[in-house]
Each structure stands twice: as structure tokens, then as C-alpha cells.
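Structure file structure_35.cif with mmCIF, C-alpha atoms:
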```
data_work
loop_
_atom_site.label_atom_id
_atom_site.label_comp_id
_atom_site.auth_asym_id
_atom_site.auth_seq_id
_atom_site.Cartn_x
_atom_site.Cartn_y
_atom_site.Cartn_z
CA MET A 1 -28.13 82.35 -27.04
CA PRO A 2 -28.77 86.12 -27.56
CA GLU A 3 -27.83 87.59 -30.93
CA GLY A 4 -24.13 88.45 -31.15
CA VAL A 5 -23.22 86.37 -28.10
CA THR A 6 -20.92 83.56 -29.21
CA ILE A 7 -18.81 80.95 -27.48
CA GLY A 8 -15.81 83.05 -28.54
CA LEU A 9 -17.18 86.17 -26.87
CA ILE A 10 -18.00 84.29 -23.67
CA THR A 11 -14.48 82.83 -23.67
CA ILE A 12 -12.99 86.31 -24.07
CA LEU A 13 -15.02 87.73 -21.19
CA VAL A 14 -14.01 84.83 -18.95
CA LEU A 15 -10.34 85.24 -19.90
CA ALA A 16 -10.62 88.99 -19.26
CA VAL A 17 -11.90 88.38 -15.74
CA VAL A 18 -9.13 85.82 -15.15
CA PHE A 19 -6.51 88.30 -16.38
CA ASP A 20 -7.95 91.06 -14.18
CA TYR A 21 -7.88 88.76 -11.16
CA ILE A 22 -4.26 87.75 -11.87
CA ASN A 23 -3.42 91.42 -12.41
CA GLY A 24 -4.78 92.07 -8.91
CA PHE A 25 -2.66 89.53 -7.07
CA HIS A 26 0.35 90.10 -9.35
CA ASP A 27 0.31 93.85 -8.68
CA THR A 28 -0.78 93.84 -5.03
CA ALA A 29 2.83 94.68 -4.21
CA ASN A 30 2.50 97.97 -6.07
CA ALA A 31 0.19 99.35 -3.43
CA ILE A 32 1.14 97.63 -0.18
CA ALA A 33 4.72 96.35 -0.25
CA THR A 34 6.28 99.51 1.16
CA SER A 35 3.72 99.93 3.94
CA VAL A 36 4.11 96.26 4.93
CA SER A 37 7.91 96.36 4.88
CA THR A 38 8.01 99.47 7.09
CA ARG A 39 5.40 97.92 9.41
CA ALA A 40 3.05 100.81 8.89
CA LEU A 41 0.36 98.20 8.26
CA LYS A 42 0.00 94.52 9.02
CA PRO A 43 -0.21 92.42 5.83
CA GLU A 44 -3.88 91.57 6.37
CA GLN A 45 -4.77 95.21 6.98
CA ALA A 46 -2.81 96.34 3.94
CA ILE A 47 -4.51 93.83 1.64
CA VAL A 48 -8.04 94.78 2.76
CA LEU A 49 -7.21 98.47 2.41
CA SER A 50 -5.62 97.92 -1.00
CA ALA A 51 -8.52 95.83 -2.33
CA THR A 52 -11.07 98.43 -1.23
CA ALA A 53 -9.15 101.39 -2.64
CA ASN A 54 -8.49 99.46 -5.88
CA PHE A 55 -12.22 98.96 -6.35
CA VAL A 56 -13.03 102.62 -5.74
CA GLY A 57 -10.22 103.77 -8.02
CA ALA A 58 -11.46 101.52 -10.82
CA LEU A 59 -14.78 103.41 -10.85
CA THR A 60 -13.25 106.85 -11.40
CA GLY A 61 -12.93 107.00 -15.19
CA THR A 62 -12.59 105.21 -18.52
CA ALA A 63 -9.95 107.21 -20.43
CA VAL A 64 -7.38 104.40 -20.25
CA ALA A 65 -10.03 101.84 -21.28
CA VAL A 66 -10.83 103.90 -24.39
CA THR A 67 -7.13 103.94 -25.32
CA ILE A 68 -6.94 100.15 -25.06
CA ALA A 69 -10.20 99.65 -26.97
CA SER A 70 -9.53 102.03 -29.84
CA GLY A 71 -6.13 103.72 -29.67
CA LEU A 72 -3.60 100.93 -30.27
CA VAL A 73 -4.80 98.50 -32.96
CA ASN A 74 -7.13 98.51 -35.94
CA PRO A 75 -9.93 95.94 -36.44
CA LEU A 76 -9.22 93.14 -38.90
CA PRO A 77 -11.53 92.65 -41.88
CA TYR A 78 -14.28 90.10 -41.29
CA SER A 79 -16.52 88.64 -43.98
CA GLY A 80 -19.22 87.56 -41.53
CA THR A 81 -18.62 83.85 -41.99
CA GLY A 82 -16.31 81.58 -40.06
CA ALA A 83 -14.26 82.63 -37.07
CA ASN A 84 -14.19 86.35 -36.32
CA PRO A 85 -10.48 87.29 -36.41
CA ASN A 86 -11.08 90.21 -34.05
CA GLU A 87 -12.41 87.86 -31.38
CA LEU A 88 -9.35 85.66 -31.84
CA VAL A 89 -7.06 88.71 -31.53
CA VAL A 90 -8.58 89.69 -28.19
CA MET A 91 -8.52 86.08 -26.98
CA ALA A 92 -4.86 85.70 -27.96
CA ALA A 93 -3.97 89.05 -26.35
CA LEU A 94 -5.42 87.88 -23.05
CA ILE A 95 -3.60 84.56 -23.27
CA GLY A 96 -0.34 86.44 -23.87
CA GLY A 97 -0.94 88.67 -20.85
CA ILE A 98 -1.99 85.83 -18.57
CA VAL A 99 0.91 83.53 -19.48
CA TRP A 100 3.56 86.23 -19.04
CA ASN A 101 2.05 87.37 -15.74
CA LEU A 102 2.11 83.83 -14.38
CA ILE A 103 5.72 83.32 -15.49
CA THR A 104 6.93 86.51 -13.82
CA TRP A 105 4.82 85.88 -10.71
CA ARG A 106 6.34 82.42 -10.36
CA LEU A 107 9.81 83.95 -10.58
CA GLY A 108 8.91 86.77 -8.18
CA ILE A 109 9.71 89.43 -10.79
CA PRO A 110 7.56 92.60 -10.58
CA SER A 111 6.88 92.99 -14.29
CA SER A 112 4.09 95.07 -15.78
CA SER A 113 0.65 93.47 -16.17
CA SER A 114 -0.32 96.46 -18.32
CA HIS A 115 2.51 95.96 -20.76
CA ALA A 116 1.89 92.20 -20.78
CA LEU A 117 -1.67 92.82 -21.97
CA ILE A 118 -0.65 95.53 -24.45
CA GLY A 119 2.16 93.35 -25.79
CA GLY A 120 -0.26 90.45 -26.23
CA LEU A 121 -2.68 92.72 -28.10
CA ILE A 122 0.01 94.09 -30.40
CA GLY A 123 1.46 90.66 -31.12
CA ALA A 124 -1.93 89.08 -31.85
CA SER A 125 -2.98 91.98 -34.09
CA PHE A 126 0.30 91.86 -35.99
CA ALA A 127 -0.04 88.10 -36.50
CA GLY A 128 -3.54 88.61 -37.87
CA GLY A 129 -3.07 91.71 -40.03
CA GLY A 130 0.57 92.72 -40.20
CA ILE A 131 1.78 96.24 -39.52
CA ALA A 132 -1.46 97.69 -40.95
CA ALA A 133 -3.29 96.32 -37.91
CA ILE A 134 -1.13 98.41 -35.54
CA GLN A 135 -1.79 102.09 -34.83
CA VAL A 136 1.91 102.91 -34.73
CA ASN A 137 1.43 106.50 -33.60
CA GLY A 138 -0.84 105.40 -30.77
CA VAL A 139 1.61 102.73 -29.63
CA VAL A 140 4.50 105.19 -29.65
CA THR A 141 2.72 108.06 -27.88
CA LYS A 142 0.55 106.07 -25.48
CA VAL A 143 2.85 103.13 -24.70
CA LEU A 144 6.51 103.48 -25.66
CA ILE A 145 7.11 107.09 -24.59
CA PRO A 146 5.35 106.58 -21.21
CA LEU A 147 7.22 103.27 -20.81
CA VAL A 148 10.47 105.25 -20.71
CA SER A 149 9.31 108.51 -19.16
CA SER A 150 7.04 107.38 -16.30
CA PRO A 151 9.71 105.42 -14.36
CA VAL A 152 12.15 108.30 -14.81
CA ILE A 153 9.55 110.72 -13.44
CA GLY A 154 8.89 108.31 -10.57
CA PHE A 155 12.59 108.05 -9.67
CA VAL A 156 13.32 111.78 -9.94
CA GLY A 157 10.07 112.77 -8.23
CA ALA A 158 10.62 110.48 -5.23
CA PHE A 159 14.27 111.53 -4.96
CA GLY A 160 13.29 115.21 -4.98
CA PHE A 161 10.42 114.62 -2.55
CA MET A 162 12.79 112.90 -0.10
CA VAL A 163 15.28 115.77 -0.34
CA ALA A 164 12.45 118.24 0.39
CA ILE A 165 11.25 116.18 3.39
CA TYR A 166 14.77 116.01 4.83
CA TRP A 167 15.17 119.77 4.42
CA ILE A 168 11.80 120.61 5.98
CA PHE A 169 12.29 118.27 8.95
CA LYS A 170 16.06 118.68 9.33
CA ARG A 171 15.66 119.61 13.00
CA GLY A 172 13.24 116.76 13.75
CA HIS A 173 14.08 113.76 15.89
CA PRO A 174 14.53 110.72 13.55
CA GLN A 175 12.61 108.27 15.74
CA ARG A 176 9.70 110.66 16.26
CA LEU A 177 9.57 111.47 12.54
CA ASN A 178 9.52 107.77 11.64
CA GLY A 179 6.54 107.31 13.93
CA ARG A 180 4.67 110.14 12.24
CA PHE A 181 5.47 108.97 8.72
CA ARG A 182 4.50 105.42 9.65
CA ARG A 183 1.00 106.76 10.39
CA LEU A 184 1.05 108.88 7.22
CA GLN A 185 1.86 105.75 5.23
CA VAL A 186 -1.68 104.52 5.80
CA VAL A 187 -2.80 107.54 3.76
CA SER A 188 -0.12 107.16 1.08
CA ALA A 189 -0.80 103.40 0.73
CA THR A 190 -4.50 104.12 0.25
CA TYR A 191 -3.64 106.79 -2.32
CA MET A 192 -1.37 104.35 -4.17
CA ALA A 193 -4.00 101.59 -4.21
CA PHE A 194 -6.62 104.05 -5.45
CA ALA A 195 -4.30 105.18 -8.26
CA HIS A 196 -3.51 101.56 -9.15
CA GLY A 197 -7.21 100.80 -9.57
CA SER A 198 -7.73 103.95 -11.65
CA ASN A 199 -5.23 102.75 -14.26
CA ASP A 200 -4.87 98.97 -14.17
CA ALA A 201 -8.52 97.93 -13.96
CA GLN A 202 -9.28 100.07 -17.00
CA LYS A 203 -7.05 97.95 -19.24
CA THR A 204 -9.35 94.98 -18.79
CA MET A 205 -12.37 97.24 -19.25
CA GLY A 206 -10.91 98.29 -22.60
CA ILE A 207 -10.35 94.69 -23.72
CA MET A 208 -13.89 93.68 -22.74
CA THR A 209 -15.33 96.73 -24.49
CA LEU A 210 -13.32 95.92 -27.63
CA ALA A 211 -14.68 92.37 -27.59
CA LEU A 212 -18.29 93.52 -27.14
CA TYR A 213 -17.91 96.08 -29.93
CA SER A 214 -16.35 93.53 -32.30
CA ALA A 215 -19.25 91.16 -31.62
CA GLY A 216 -21.81 93.91 -32.34
CA ILE A 217 -23.21 93.84 -28.80
CA ILE A 218 -22.52 97.57 -28.35
CA ASP A 219 -22.53 100.24 -31.05
CA THR A 220 -19.68 102.40 -29.74
CA LYS A 221 -16.49 101.81 -27.79
CA THR A 222 -17.91 103.56 -24.75
CA VAL A 223 -17.33 101.39 -21.69
CA PRO A 224 -20.65 99.98 -20.35
CA LEU A 225 -21.34 100.19 -16.62
CA PRO A 226 -21.53 96.38 -16.13
CA VAL A 227 -18.04 96.09 -17.63
CA ILE A 228 -16.74 98.71 -15.19
CA LEU A 229 -18.23 96.87 -12.22
CA VAL A 230 -16.99 93.44 -13.30
CA ALA A 231 -13.45 94.69 -13.92
CA ALA A 232 -13.36 96.60 -10.63
CA THR A 233 -14.59 93.55 -8.71
CA ALA A 234 -12.15 91.11 -10.37
CA ILE A 235 -9.05 93.21 -9.75
CA SER A 236 -10.11 93.83 -6.15
CA LEU A 237 -10.63 90.12 -5.47
CA GLY A 238 -7.22 89.43 -6.99
CA THR A 239 -5.69 92.08 -4.78
CA ALA A 240 -7.31 90.49 -1.74
CA ALA A 241 -5.68 87.18 -2.68
CA GLY A 242 -2.26 88.79 -2.41
CA GLY A 243 0.94 88.20 -4.34
CA TRP A 244 3.51 87.48 -1.68
CA ARG A 245 6.41 86.56 -3.94
CA ILE A 246 6.42 90.00 -5.55
CA ILE A 247 5.59 91.76 -2.27
CA ARG A 248 8.85 90.41 -0.84
CA THR A 249 10.81 91.67 -3.86
CA MET A 250 9.28 95.14 -3.85
CA GLY A 251 9.20 95.57 -0.08
CA SER A 252 12.67 94.49 0.95
CA LYS A 253 14.87 93.22 -1.86
CA VAL A 254 15.22 96.54 -3.72
CA VAL A 255 16.20 98.64 -0.70
CA LYS A 256 15.45 98.59 3.02
CA LEU A 257 12.84 101.28 3.59
CA ASP A 258 12.00 103.50 6.51
CA PRO A 259 8.45 104.90 6.76
CA VAL A 260 9.56 108.26 5.37
CA HIS A 261 10.93 106.55 2.22
CA GLY A 262 7.76 104.51 1.83
CA PHE A 263 5.59 107.61 2.18
CA ALA A 264 7.61 109.51 -0.42
CA ALA A 265 7.64 106.59 -2.88
CA GLU A 266 3.91 105.85 -2.62
CA THR A 267 2.86 109.49 -2.81
CA THR A 268 5.05 110.18 -5.83
CA ALA A 269 4.07 107.04 -7.70
CA ALA A 270 0.34 107.51 -7.06
CA THR A 271 0.49 111.09 -8.34
CA VAL A 272 2.25 110.01 -11.54
CA ILE A 273 -0.25 107.17 -12.11
CA LEU A 274 -3.33 109.34 -11.51
CA GLY A 275 -2.01 111.91 -13.97
CA ALA A 276 -1.56 109.19 -16.58
CA SER A 277 -5.08 107.86 -15.92
CA HIS A 278 -6.53 111.33 -16.47
CA PHE A 279 -4.90 111.55 -19.91
CA GLY A 280 -5.78 107.98 -20.90
CA ILE A 281 -2.20 106.70 -20.76
CA PRO A 282 -1.85 103.01 -19.73
CA VAL A 283 1.34 103.24 -17.69
CA SER A 284 2.97 100.43 -15.75
CA THR A 285 2.11 100.90 -12.10
CA THR A 286 4.79 98.33 -11.28
CA GLN A 287 7.54 100.29 -12.99
CA VAL A 288 6.45 103.60 -11.52
CA ILE A 289 6.38 102.39 -7.90
CA ALA A 290 9.61 100.37 -8.33
CA SER A 291 11.44 103.44 -9.66
CA ALA A 292 9.95 105.63 -6.92
CA ILE A 293 11.11 103.16 -4.25
CA THR A 294 14.60 103.19 -5.78
CA GLY A 295 14.65 106.99 -6.03
CA GLY A 296 13.39 107.57 -2.50
CA GLY A 297 15.63 104.92 -0.98
CA SER A 298 18.81 106.11 -2.70
CA VAL A 299 18.78 109.66 -1.34
CA ASP A 300 20.71 109.05 1.85
CA ARG A 301 22.15 105.59 1.20
CA PRO A 302 22.63 104.73 -2.48
CA LYS A 303 24.87 101.80 -1.52
CA ALA A 304 21.91 100.24 0.30
CA VAL A 305 20.03 99.82 -2.99
CA HIS A 306 20.34 96.28 -4.31
CA TRP A 307 21.19 97.32 -7.83
CA GLY A 308 21.27 93.70 -9.02
CA VAL A 309 17.57 93.36 -8.16
CA VAL A 310 16.92 96.71 -9.85
CA GLY A 311 18.71 95.32 -12.91
CA ASP A 312 16.44 92.26 -12.94
CA ILE A 313 13.39 94.55 -12.78
CA LEU A 314 14.85 96.64 -15.62
CA ILE A 315 15.29 93.53 -17.78
CA ALA A 316 11.67 92.55 -17.15
CA TRP A 317 10.69 96.12 -18.02
CA ILE A 318 12.41 95.83 -21.42
CA VAL A 319 11.40 92.24 -22.20
CA THR A 320 7.72 92.24 -21.18
CA ILE A 321 6.14 93.79 -24.28
CA PRO A 322 8.08 91.74 -26.88
CA ALA A 323 7.72 88.53 -24.83
CA ALA A 324 3.97 88.95 -24.37
CA ALA A 325 3.68 90.01 -28.03
CA PHE A 326 5.38 86.77 -29.08
CA ILE A 327 3.05 84.70 -26.91
CA GLY A 328 0.04 86.64 -28.18
CA GLY A 329 1.10 86.26 -31.81
CA VAL A 330 1.68 82.51 -31.50
CA SER A 331 -1.62 82.14 -29.65
CA PHE A 332 -3.45 83.92 -32.48
CA LEU A 333 -1.90 81.67 -35.13
CA VAL A 334 -2.84 78.56 -33.14
CA LEU A 335 -6.41 79.77 -32.61
CA TRP A 336 -6.75 80.79 -36.26
CA GLY A 337 -5.55 77.36 -37.34
CA LEU A 338 -8.08 75.69 -35.05
CA PHE A 339 -11.17 77.81 -35.79
CA GLN A 340 -10.89 79.29 -39.28
#
```

Structure translated into C-alpha cells:
Amino acid sequence: MPEGVTIGLITILVLAVVFDYINGFHDTANAIATSVSTRALKPEQAIVLSATANFVGALTGTAVAVTIASGLVNPLPYSGTGANPNELVVMAALIGGIVWNLITWRLGIPSSSSHALIGGLIGASFAGGGIAAIQVNGVVTKVLIPLVSSPVIGFVGAFGFMVAIYWIFKRGHPQRLNGRFRRLQVVSATYMAFAHGSNDAQKTMGIMTLALYSAGIIDTKTVPLPVILVAATAISLGTAAGGWRIIRTMGSKVVKLDPVHGFAAETTAATVILGASHFGIPVSTTQVIASAITGGGSVDRPKAVHWGVVGDILIAWIVTIPAAAFIGGVSFLVLWGLFQ
């Protein structure tokens, strides 16, 4: 086995690919639910389009990956003998993210894969090194503040965009406008899928880079090209597999959408997500698109919004990081007990 390559490292890389794949089918709804529910695209067309755009978007940068690899937690001390605690942290973080994603997928709840992974990483690091292992400032500025602000921006942005569309096309015939916006949704769905790939795939890239750096395979936390390609491929294959439980929730259970609402929600959410990707902020694509759908759909018929479903999504939004952190922390302690 090449120097630095251990069973632990191989396990981490396999888990990272599994998480990325699950992230793909868990978050497929982010990109295609609105266009499917408004019949702008057939489900099969939407999935192929989403998978392709996800892959391309994943190749556009590494700023979010760098944040995950170096901006949230500190490495644990390692004497060079026995189990490497940093490998166990990354392994436990992935377990936390995978387990929480599968739980919420089974329940049909559109929770955040990003926050599941980040929560797992924080919980595992805290279990291994206490508060000193956490970059508190990085967690606050790169995770907690965007956790609150990005859905608000998504809601307000989509609401304002819908008001502007209604004003611009106030003399238009509703049926004719719906036909035009149904065609435009192909563009907005592609834009949303591209943005999703630009942010979500990078989280796995960051975890894989952190693992390779901890093992001494790479000298810096710069994301290697093979890591980029593997992460992009895994999330795209997961997207192609689809996540129909969550698609149903996002596409019809929050609010019944017309093509104009879908176009406004996707365009707004994708713009917010791309901005976050540019600045290396790992936002929740799920929360951004869910809030944009709610904002766009509530402009002309707030009573049509199923606020109970929105409340369930809000609970998942609040619970995901601590729940995944708990799973990640317990996973680290179990792994440490087995391999120290």
C-alpha cells in the first residue's frame, strides 16, 4: 500500500463518495421539484438536466471546499502511533451526515445535507478535542449567520421578484404568460441545478481534501483535481437516482405552484447560492429553495401555503446541525474506543 494510504483513509474516501451520492438523491428536489410540479419538465427530463448541470456546477470552484477543509475545525494532536484521531473525526463526520440524511429522506423531510455534514464534523471534532478543536469564529460567520440569513434572503428575494413580474406583466394574459414561464423554467431549473452543484459538491471535496491532508498525502489543503472529478461524478449520479419522497414535499406540499412562481423561486435561490459559493460559504441549498418557493408562492395567495409543512421544514432546519453533531460525536467516541 502506498505511503500514507491507510485502511482508515480508504474508508473515509469511500464514505465521502457515499455521502456525496446520498446528497445527490436527497437534494434532487432542490433543483427539479418546482419544474416537475408545474409540468415545465417531465420527471425524467428534469433529472437528466439536473444531473448534468450539477456536474458542471461542481467544477466551477473550490472556495466552499476550502472552508470545509480548513475554516471550521482545528486538527487534533497526533503522536504518530496508533489511530490517527483526525481520520476518525472525518470518518465520524461522514457517518453523522449520512445517518441524518437517510433519516430525513425516509421521512420525506427536505433537511440540509450541508448542515448534516457540518454538524457531524463539529460534533466529532468536539468529542475528540473539546471546544479548542472548533474554530468558533469560522462556525459563526460561515455557518450560523448564513443559516439564518440565506433563507430570509431567499424568501424576500422571491417575494420581491414575483411582485416585479406581476407589475411588469400586469396587462398580460395569464394563460399565455404561464406558457411562456413554463418554457423559461427550463432555464431557471438548469440555473438552479448548476448552483446546487457549485455549492453542495464542494462540501464533499473539502472533507476528502481534509482527509488527504491529515494522512500526509497532500502538503496543502488545496483541492486536487481527482477529488473534484470524483465529487462531481458522485453527486451527479445521486441526482440521477432521484429522491422522490422529498420531490413530492418540495413540489406540491408547500404550496401549489404555477410556472411563474417556479421560475421566480428557482432564479432567486440559484442567485443566492452562487453568491455564497463565490465567497466560500456552505449554505443549505434546501433551505434557500424552500424559502424561495414559500416567498414566491405567498405573494398572491398566502392562504394557499401549507404552513404546517413549512413548520416541519423549519424544525428540520433548526434540528439538523445539533442532531448530526450528536451522531458524529457518538460515532467518534465509538471509533476511538475501537481503534485507539

Problem set entry | Explicit residue set for the PyMOL selection byres ((chain A and resi 125) around 10), as a PyMOL selection string | chain A and resi 72-76+85-86+88-90+92-93+119-124+126-134+325+328-329+332

Dump of C-alpha atoms for the selected residues, as a PDB file, keeping the file's coordinate frame:
```
ATOM      1  CA  LEU A  72      -3.600 100.930 -30.270  1.00  0.00           C
ATOM      2  CA  VAL A  73      -4.800  98.500 -32.960  1.00  0.00           C
ATOM      3  CA  ASN A  74      -7.130  98.510 -35.940  1.00  0.00           C
ATOM      4  CA  PRO A  75      -9.930  95.940 -36.440  1.00  0.00           C
ATOM      5  CA  LEU A  76      -9.220  93.140 -38.900  1.00  0.00           C
ATOM      6  CA  PRO A  85     -10.480  87.290 -36.410  1.00  0.00           C
ATOM      7  CA  ASN A  86     -11.080  90.210 -34.050  1.00  0.00           C
ATOM      8  CA  LEU A  88      -9.350  85.660 -31.840  1.00  0.00           C
ATOM      9  CA  VAL A  89      -7.060  88.710 -31.530  1.00  0.00           C
ATOM     10  CA  VAL A  90      -8.580  89.690 -28.190  1.00  0.00           C
ATOM     11  CA  ALA A  92      -4.860  85.700 -27.960  1.00  0.00           C
ATOM     12  CA  ALA A  93      -3.970  89.050 -26.350  1.00  0.00           C
ATOM     13  CA  GLY A 119       2.160  93.350 -25.790  1.00  0.00           C
ATOM     14  CA  GLY A 120      -0.260  90.450 -26.230  1.00  0.00           C
ATOM     15  CA  LEU A 121      -2.680  92.720 -28.100  1.00  0.00           C
ATOM     16  CA  ILE A 122       0.010  94.090 -30.400  1.00  0.00           C
ATOM     17  CA  GLY A 123       1.460  90.660 -31.120  1.00  0.00           C
ATOM     18  CA  ALA A 124      -1.930  89.080 -31.850  1.00  0.00           C
ATOM     19  CA  PHE A 126       0.300  91.860 -35.990  1.00  0.00           C
ATOM     20  CA  ALA A 127      -0.040  88.100 -36.500  1.00  0.00           C
ATOM     21  CA  GLY A 128      -3.540  88.610 -37.870  1.00  0.00           C
ATOM     22  CA  GLY A 129      -3.070  91.710 -40.030  1.00  0.00           C
ATOM     23  CA  GLY A 130       0.570  92.720 -40.200  1.00  0.00           C
ATOM     24  CA  ILE A 131       1.780  96.240 -39.520  1.00  0.00           C
ATOM     25  CA  ALA A 132      -1.460  97.690 -40.950  1.00  0.00           C
ATOM     26  CA  ALA A 133      -3.290  96.320 -37.910  1.00  0.00           C
ATOM     27  CA  ILE A 134      -1.130  98.410 -35.540  1.00  0.00           C
ATOM     28  CA  ALA A 325       3.680  90.010 -28.030  1.00  0.00           C
ATOM     29  CA  GLY A 328       0.040  86.640 -28.180  1.00  0.00           C
ATOM     30  CA  GLY A 329       1.100  86.260 -31.810  1.00  0.00           C
ATOM     31  CA  PHE A 332      -3.450  83.920 -32.480  1.00  0.00           C
TER      32      PHE A 332
END
```

If you count all atoms listed in the file, which residues fall within 8 Å of Leu212 (chain A), apart from same-chain ones fewer than 5 positions away, as a tab-separated table (two decimals) with C-alpha atoms, keeping the file's coordinate frame?
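Written file, out-v7.tsv:
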```
chain	number	residue	atom	x	y	z
A	9	LEU	CA	-17.18	86.17	-26.87
A	217	ILE	CA	-23.21	93.84	-28.80
A	218	ILE	CA	-22.52	97.57	-28.35
```

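For the residues A:Gly311, A:Gly24, A:Pro226, A:Pro282, ranking by smallest atom-to-atom distance to Ile68 (chain A) using only C-alpha atoms places A:Pro282 first.
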
Exercise. In Å, with one decimal, what is the gap from CA of Gln45 (chain A) to CA of Ala195 (chain A)?
Worked result: 18.2 Å

Exercise. Hey, can you pull every residue with an atom no more than 8 Å from (4.7, 99.1, -27.2), using all atoms listed in the file, and send it as an MDAnalysis selection string?
Worked result: chainID A and resid 115 118:119 122 139:140 143:144 321

Exercise. Quick one: which residues end up in the PyMOL selection byres ((chain A and resi 260-265) around 7) for this structure, as a VMD selection string?
Worked result: chain A and resid 34 to 35 158 161 to 162 178 181 184 to 185 188 257 to 259 266 to 269 289 292 to 293 296 to 297

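Excluding Thr271 (chain A) and any residue on its chain fewer than 6 positions from it, the residues at most 10 Å away by only C-alpha atoms are Gly154, Gly157, Tyr191, Met192, Ala195 and Ser277 of chain A.
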
Problem set entry | Hits from the PyMOL selection byres ((chain A and resi 70) around 12), listed as number ranges by chain | A: 63-69, 71-75, 121, 133-135, 138-139, 142, 203, 205-211, 213-214, 220-223, 280

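Proximity ranking of A:Thr60, A:Asn101, A:Thr190, A:Asn23 relative to Ala316 (chain A) places A:Asn101 first, based on all atoms listed in the file.
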
The residues within 6 Å of (-7.8, 94.7, -9.6), using all atoms listed in the file and the coordinates of the file, should be reported as a compact mmCIF listing (two decimals) with C-alpha atoms, keeping the file's coordinate frame; which are they?
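New file point_28.txt:
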```
# COMPACT_ATOMS: atom_id res chain seq x y z
CA ASP A 20 -7.95 91.06 -14.18
CA GLY A 24 -4.78 92.07 -8.91
CA ALA A 201 -8.52 97.93 -13.96
CA ALA A 232 -13.36 96.60 -10.63
CA ALA A 234 -12.15 91.11 -10.37
CA ILE A 235 -9.05 93.21 -9.75
CA SER A 236 -10.11 93.83 -6.15
CA GLY A 238 -7.22 89.43 -6.99
CA THR A 239 -5.69 92.08 -4.78
```

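Distance-wise, CA of Ile12 (chain A) and CA of Asp200 (chain A) end up 18.0 Å apart.
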
For this session: Can you pull out every residue within 12 Å of Ile7 (chain A), counting only C-alpha atoms, but drop anything in the same chain fewer than 5 positions away, and send it as a PyMOL selection string?
Result: chain A and resi 1-2+12-14+83-84+87-88+91+215+339

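Remark: for Leu117 (chain A), the closest of the candidate residues A:Ile313, A:Ala323, A:Val330, A:Leu338 is A:Ala323 (distances computed over only C-alpha atoms).
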